[in-house]
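Peer 1: Structure: model08.pdb, PDB, C-alpha atoms, pLDDT in the B column.
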ATOM      1  CA  MET A  24     119.701 139.758  63.714  1.00 50.00           C
ATOM      2  CA  GLY A  25     116.912 137.753  65.244  1.00 55.00           C
ATOM      3  CA  LYS A  26     119.244 135.401  67.105  1.00 54.00           C
ATOM      4  CA  ILE A  27     119.989 135.210  70.783  1.00 53.00           C
ATOM      5  CA  ILE A  28     123.279 133.630  71.808  1.00 52.00           C
ATOM      6  CA  MET A  29     123.150 131.709  75.077  1.00 53.00           C
ATOM      7  CA  ASN A  30     125.820 129.257  76.208  1.00 55.00           C
ATOM      8  CA  ASN A  31     127.575 129.555  72.835  1.00 52.00           C
ATOM      9  CA  GLU A  32     124.438 128.337  71.034  1.00 51.00           C
ATOM     10  CA  ALA A  33     122.431 130.536  68.674  1.00 42.00           C
ATOM     11  CA  LYS A  34     118.693 130.359  69.180  1.00 52.00           C
ATOM     12  CA  LYS A  35     116.362 131.991  66.712  1.00 63.00           C
ATOM     13  CA  GLU A  36     113.659 134.250  68.147  1.00 69.00           C
ATOM     14  CA  LYS A  37     110.102 133.153  67.457  1.00 77.00           C
ATOM     15  CA  THR A  38     107.440 135.396  66.022  1.00 79.00           C
ATOM     16  CA  GLY A  39     104.876 136.086  68.715  1.00 84.00           C
ATOM     17  CA  ALA A  40     101.382 134.640  68.629  1.00 87.00           C
ATOM     18  CA  LEU A  41      99.861 138.109  68.925  1.00 88.00           C
ATOM     19  CA  SER A  42     101.749 139.212  65.797  1.00 89.00           C
ATOM     20  CA  ILE A  43     100.461 136.230  63.855  1.00 89.00           C
ATOM     21  CA  ALA A  44      96.929 136.834  65.158  1.00 91.00           C
ATOM     22  CA  ALA A  45      97.108 140.469  64.036  1.00 91.00           C
ATOM     23  CA  LYS A  46      98.175 139.508  60.530  1.00 91.00           C
ATOM     24  CA  VAL A  47      95.644 136.680  60.123  1.00 92.00           C
ATOM     25  CA  THR A  48      92.639 138.548  61.510  1.00 92.00           C
ATOM     26  CA  GLY A  49      93.448 141.783  59.693  1.00 92.00           C
ATOM     27  CA  LEU A  50      93.835 140.059  56.333  1.00 92.00           C
ATOM     28  CA  SER A  51      90.764 137.883  56.952  1.00 92.00           C
ATOM     29  CA  GLY A  52      88.680 140.955  57.745  1.00 90.00           C
ATOM     30  CA  LEU A  53      89.856 142.649  54.558  1.00 90.00           C
ATOM     31  CA  LEU A  54      89.133 139.523  52.511  1.00 91.00           C
ATOM     32  CA  LEU A  55      85.616 139.222  53.928  1.00 88.00           C
ATOM     33  CA  VAL A  56      84.918 142.891  53.186  1.00 86.00           C
ATOM     34  CA  LEU A  57      85.995 142.375  49.586  1.00 87.00           C
ATOM     35  CA  ILE A  58      83.801 139.267  49.325  1.00 85.00           C
ATOM     36  CA  LEU A  59      80.904 141.198  50.842  1.00 81.00           C
ATOM     37  CA  LEU A  60      81.426 144.079  48.434  1.00 81.00           C
ATOM     38  CA  THR A  61      81.367 141.671  45.499  1.00 80.00           C
ATOM     39  CA  VAL A  62      78.221 139.917  46.738  1.00 76.00           C
ATOM     40  CA  VAL A  63      76.415 143.192  47.375  1.00 73.00           C
ATOM     41  CA  LEU A  64      77.376 144.563  43.974  1.00 73.00           C
ATOM     42  CA  VAL A  65      76.123 141.412  42.267  1.00 70.00           C
ATOM     43  CA  VAL A  66      72.859 141.391  44.214  1.00 68.00           C
ATOM     44  CA  VAL A  67      72.196 145.125  43.916  1.00 67.00           C
ATOM     45  CA  PHE A  68      73.025 145.499  40.249  1.00 64.00           C
ATOM     46  CA  THR A  69      71.621 142.244  38.853  1.00 64.00           C
ATOM     47  CA  VAL A  70      68.712 141.143  41.012  1.00 62.00           C
ATOM     48  CA  LEU A  71      67.305 144.549  42.016  1.00 60.00           C
ATOM     49  CA  ASN A  72      64.644 142.917  44.162  1.00 54.00           C
ATOM     50  CA  LYS A  73      62.464 145.442  46.006  1.00 55.00           C
ATOM     51  CA  ASN A  74      62.099 143.122  48.994  1.00 56.00           C
ATOM     52  CA  TRP A  75      65.829 142.591  49.379  1.00 55.00           C
ATOM     53  CA  ASN A  76      66.947 143.447  52.896  1.00 57.00           C
ATOM     54  CA  ILE A  77      70.674 143.233  53.586  1.00 54.00           C
ATOM     55  CA  TYR A  78      70.074 142.709  57.304  1.00 55.00           C
ATOM     56  CA  ASN A  79      68.146 139.443  56.815  1.00 55.00           C
ATOM     57  CA  THR A  80      70.572 137.719  54.471  1.00 60.00           C
ATOM     58  CA  PRO A  81      73.881 135.851  54.790  1.00 63.00           C
ATOM     59  CA  GLU A  82      75.604 139.109  53.835  1.00 65.00           C
ATOM     60  CA  SER A  83      74.852 140.435  57.320  1.00 70.00           C
ATOM     61  CA  VAL A  84      76.826 137.551  58.859  1.00 75.00           C
ATOM     62  CA  ILE A  85      79.770 138.220  56.530  1.00 77.00           C
ATOM     63  CA  SER A  86      79.522 141.921  57.339  1.00 77.00           C
ATOM     64  CA  THR A  87      79.580 141.332  61.090  1.00 80.00           C
ATOM     65  CA  LEU A  88      82.494 138.900  60.830  1.00 84.00           C
ATOM     66  CA  SER A  89      84.479 141.300  58.659  1.00 85.00           C
ATOM     67  CA  ILE A  90      84.029 144.102  61.191  1.00 86.00           C
ATOM     68  CA  ILE A  91      85.032 141.873  64.116  1.00 89.00           C
ATOM     69  CA  LEU A  92      88.092 140.471  62.323  1.00 91.00           C
ATOM     70  CA  SER A  93      89.232 143.883  61.089  1.00 91.00           C
ATOM     71  CA  ILE A  94      88.960 145.412  64.545  1.00 92.00           C
ATOM     72  CA  SER A  95      90.743 142.473  66.166  1.00 93.00           C
ATOM     73  CA  GLY A  96      93.586 142.771  63.622  1.00 93.00           C
ATOM     74  CA  ILE A  97      94.001 146.440  64.518  1.00 93.00           C
ATOM     75  CA  VAL A  98      93.831 145.791  68.272  1.00 94.00           C
ATOM     76  CA  CYS A  99      96.201 142.780  68.262  1.00 93.00           C
ATOM     77  CA  GLY A 100      98.695 144.653  66.107  1.00 92.00           C
ATOM     78  CA  ALA A 101      98.598 147.749  68.292  1.00 94.00           C
ATOM     79  CA  ILE A 102      98.971 145.772  71.520  1.00 93.00           C
ATOM     80  CA  ASP A 103     101.922 143.807  70.166  1.00 91.00           C
ATOM     81  CA  LEU A 104     103.647 146.929  68.817  1.00 93.00           C
ATOM     82  CA  ILE A 105     103.413 148.414  72.317  1.00 93.00           C
ATOM     83  CA  ARG A 106     104.840 145.181  73.763  1.00 91.00           C
ATOM     84  CA  ILE A 107     107.694 145.263  71.241  1.00 89.00           C
ATOM     85  CA  LYS A 108     108.455 148.876  72.160  1.00 91.00           C
ATOM     86  CA  LYS A 109     108.621 147.920  75.851  1.00 90.00           C
ATOM     87  CA  GLY A 110     110.869 144.951  75.034  1.00 87.00           C
ATOM     88  CA  LYS A 111     108.334 142.308  76.122  1.00 86.00           C
ATOM     89  CA  SER A 112     107.855 140.760  72.677  1.00 85.00           C
ATOM     90  CA  SER A 113     110.035 139.677  69.766  1.00 82.00           C
ATOM     91  CA  LYS A 114     110.879 142.255  67.109  1.00 86.00           C
ATOM     92  CA  ASN A 115     110.321 139.620  64.419  1.00 86.00           C
ATOM     93  CA  GLY A 116     106.549 140.184  64.584  1.00 87.00           C
ATOM     94  CA  ARG A 117     106.683 143.913  63.853  1.00 90.00           C
ATOM     95  CA  VAL A 118     105.898 143.489  60.150  1.00 91.00           C
ATOM     96  CA  PHE A 119     102.981 141.164  60.950  1.00 91.00           C
ATOM     97  CA  ASP A 120     101.604 143.757  63.356  1.00 92.00           C
ATOM     98  CA  ILE A 121     101.794 146.496  60.754  1.00 92.00           C
ATOM     99  CA  VAL A 122     100.125 144.245  58.157  1.00 93.00           C
ATOM    100  CA  GLY A 123      97.314 143.503  60.640  1.00 93.00           C
ATOM    101  CA  ILE A 124      96.772 147.171  61.449  1.00 93.00           C
ATOM    102  CA  VAL A 125      96.860 148.361  57.837  1.00 93.00           C
ATOM    103  CA  SER A 126      94.685 145.579  56.398  1.00 93.00           C
ATOM    104  CA  GLY A 127      92.189 145.886  59.253  1.00 92.00           C
ATOM    105  CA  SER A 128      91.982 149.648  58.716  1.00 93.00           C
ATOM    106  CA  ILE A 129      91.483 149.250  54.973  1.00 91.00           C
ATOM    107  CA  GLY A 130      88.791 146.642  55.610  1.00 88.00           C
ATOM    108  CA  LEU A 131      86.909 148.942  57.977  1.00 88.00           C
ATOM    109  CA  ALA A 132      87.275 151.888  55.604  1.00 88.00           C
ATOM    110  CA  ILE A 133      85.859 149.907  52.687  1.00 85.00           C
ATOM    111  CA  ARG A 134      83.048 148.566  54.852  1.00 82.00           C
ATOM    112  CA  PHE A 135      81.925 151.898  56.264  1.00 81.00           C
ATOM    113  CA  ILE A 136      82.802 154.305  53.430  1.00 82.00           C
ATOM    114  CA  ALA A 137      82.260 152.414  50.168  1.00 73.00           C
ATOM    115  CA  MET A 138      79.414 150.053  51.020  1.00 70.00           C
ATOM    116  CA  PRO A 139      76.617 152.354  52.278  1.00 69.00           C
ATOM    117  CA  PRO A 140      76.511 154.649  49.218  1.00 66.00           C
ATOM    118  CA  ILE A 141      76.307 151.693  46.834  1.00 61.00           C
ATOM    119  CA  VAL A 142      73.428 150.116  48.711  1.00 62.00           C
ATOM    120  CA  LEU A 143      71.603 153.380  49.407  1.00 60.00           C
ATOM    121  CA  THR A 144      71.720 154.657  45.834  1.00 61.00           C
ATOM    122  CA  GLN A 145      70.177 151.451  44.549  1.00 56.00           C
ATOM    123  CA  ILE A 146      67.521 151.249  47.283  1.00 56.00           C
ATOM    124  CA  ILE A 147      66.458 154.881  46.714  1.00 59.00           C
ATOM    125  CA  LYS A 148      65.901 154.147  42.999  1.00 58.00           C
ATOM    126  CA  PHE A 149      63.040 151.786  43.897  1.00 52.00           C
TER     127      PHE A 149
END
When written as structure tokens, how does the structure in this file appear?
Peer 2:
Amino acid sequence: MGKIIMNNEAKKEKTGALSIAAKVTGLSGLLLVLILLTVVLVVVFTVLNKNWNIYNTPESVISTLSIILSISGIVCGAIDLIRIKKGKSSKNGRVFDIVGIVSGSIGLAIRFIAMPPIVLTQIIKF
């Protein structure tokens, strides 16, 4: 499996660039969300500065990047899965596409479900 025979020579199919992009961006988005969660937890629970504003700190850049990378992992993975289904792309990248979609989805879920309550509960205490 994964080999095409042409002129009595076996050529191995390459994993598509879109599959690799899905995997890399999805995992990068998830990693940045986890880094952001760690940074926010450290800042919120140790510093507890009343003037701390998450939108004017480096955390906002990490947050924006994590959202962009997570969404691009989902989109690249979905597009390539459609291309694989139509026979326009190599089946070798299917696992990469699924990894990109799942990790991007987990990253977005953590970012939009777990983060706001942590920040809001600590800000309201001031």
Peer 1: Around the point (85.1, 145.1, 52.4), in the coordinates given by the file, pick out the residues reaching within 8 Å, counting all atoms listed in the file, and return them as a ChimeraX atom specification.
Peer 2: /A:52-60,89,130-134,138
Peer 1: Since we have the selection now, will you write its residues out, keeping C-alpha atoms, as a tab-separated table (two decimals), keeping the file's coordinate frame?
Peer 2:
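Final file, selection.tsv:
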chain	number	residue	atom	x	y	z
A	52	GLY	CA	88.68	140.96	57.74
A	53	LEU	CA	89.86	142.65	54.56
A	54	LEU	CA	89.13	139.52	52.51
A	55	LEU	CA	85.62	139.22	53.93
A	56	VAL	CA	84.92	142.89	53.19
A	57	LEU	CA	86.00	142.38	49.59
A	58	ILE	CA	83.80	139.27	49.32
A	59	LEU	CA	80.90	141.20	50.84
A	60	LEU	CA	81.43	144.08	48.43
A	89	SER	CA	84.48	141.30	58.66
A	130	GLY	CA	88.79	146.64	55.61
A	131	LEU	CA	86.91	148.94	57.98
A	132	ALA	CA	87.28	151.89	55.60
A	133	ILE	CA	85.86	149.91	52.69
A	134	ARG	CA	83.05	148.57	54.85
A	138	MET	CA	79.41	150.05	51.02
Peer 1: Pick out the closest residue to A:Ile124 from this set: A:Leu64, A:Ala101, A:Ile43, A:Ile85. Count only C-alpha atoms.
Peer 2: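 Smallest separation from A:Ile124 among the options: A:Ala101.
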Peer 1: Enumerate, as a list in words, the residues matched when the PyMOL selection byres ((chain A and resi 114) around 10) is run on the file above.
Peer 2: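 Residues picked by the PyMOL selection byres ((chain A and resi 114) around 10): Met24, Gly25, Glu36, Lys37, Thr38, Gly39, Ser42, Asp103, Leu104, Arg106, Ile107, Lys108, Gly110, Lys111, Ser112, Ser113, Asn115, Gly116, Arg117 and Val118 of chain A.
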Peer 1: Distance atom CA of A:Ser51-atom CA of A:Gly100, one decimal place?
Peer 2: 13.9 Å
Peer 1: Find the residue from A:Gly49, A:Ala137, A:Leu41, A:Lys109 that sits nearest to A:Leu88; use all atoms listed in the file when measuring.
Peer 2: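 Closest residue, counting all atoms listed in the file: A:Gly49.
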Peer 1: Just the number, please: distance in Å from atom CA of A:Phe135 to atom CA of A:Ile90, one decimal.
Peer 2: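 Going from atom CA of A:Phe135 over to atom CA of A:Ile90 covers 9.5 Å.
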Peer 1: Hey, which of A:Val65, A:Leu50, A:Ile121, A:Ala40 ends up closest to A:Ile91? Count all atoms listed in the file.
Peer 2: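 With all atoms listed in the file as the atom set, the closest residue is A:Leu50.
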Peer 1: Closest to A:Gly123 among A:Ile97, A:Ile136, A:Ile102, A:Val62, using only C-alpha atoms?
Peer 2: A:Ile97
Peer 1: Between atom CA of A:Ala45 and atom CA of A:Val63, what is the distance, to one decimal in Å?
Peer 2: 26.7 Å
Peer 1: Return the padded bounding box of stretch 55-66 of chain A as AutoDock Vina command-line options: axis-aligned, built from all atoms listed in the file, 3 Å added on each side, with centre and edge lengths in Å to one decimal.
Peer 2:
--center_x 79.4 --center_y 141.9 --center_z 48.1 --size_x 19.1 --size_y 11.3 --size_z 17.7
Peer 1: Could you check the closest approach to A:Ser128 for each of A:Val84, A:Cys99, A:Ile94, A:Ile105 and tell me which residue wins, using all atoms listed in the file?
Peer 2: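 Once distances to A:Ser128 are computed over all atoms listed in the file, the minimum belongs to A:Ile94.
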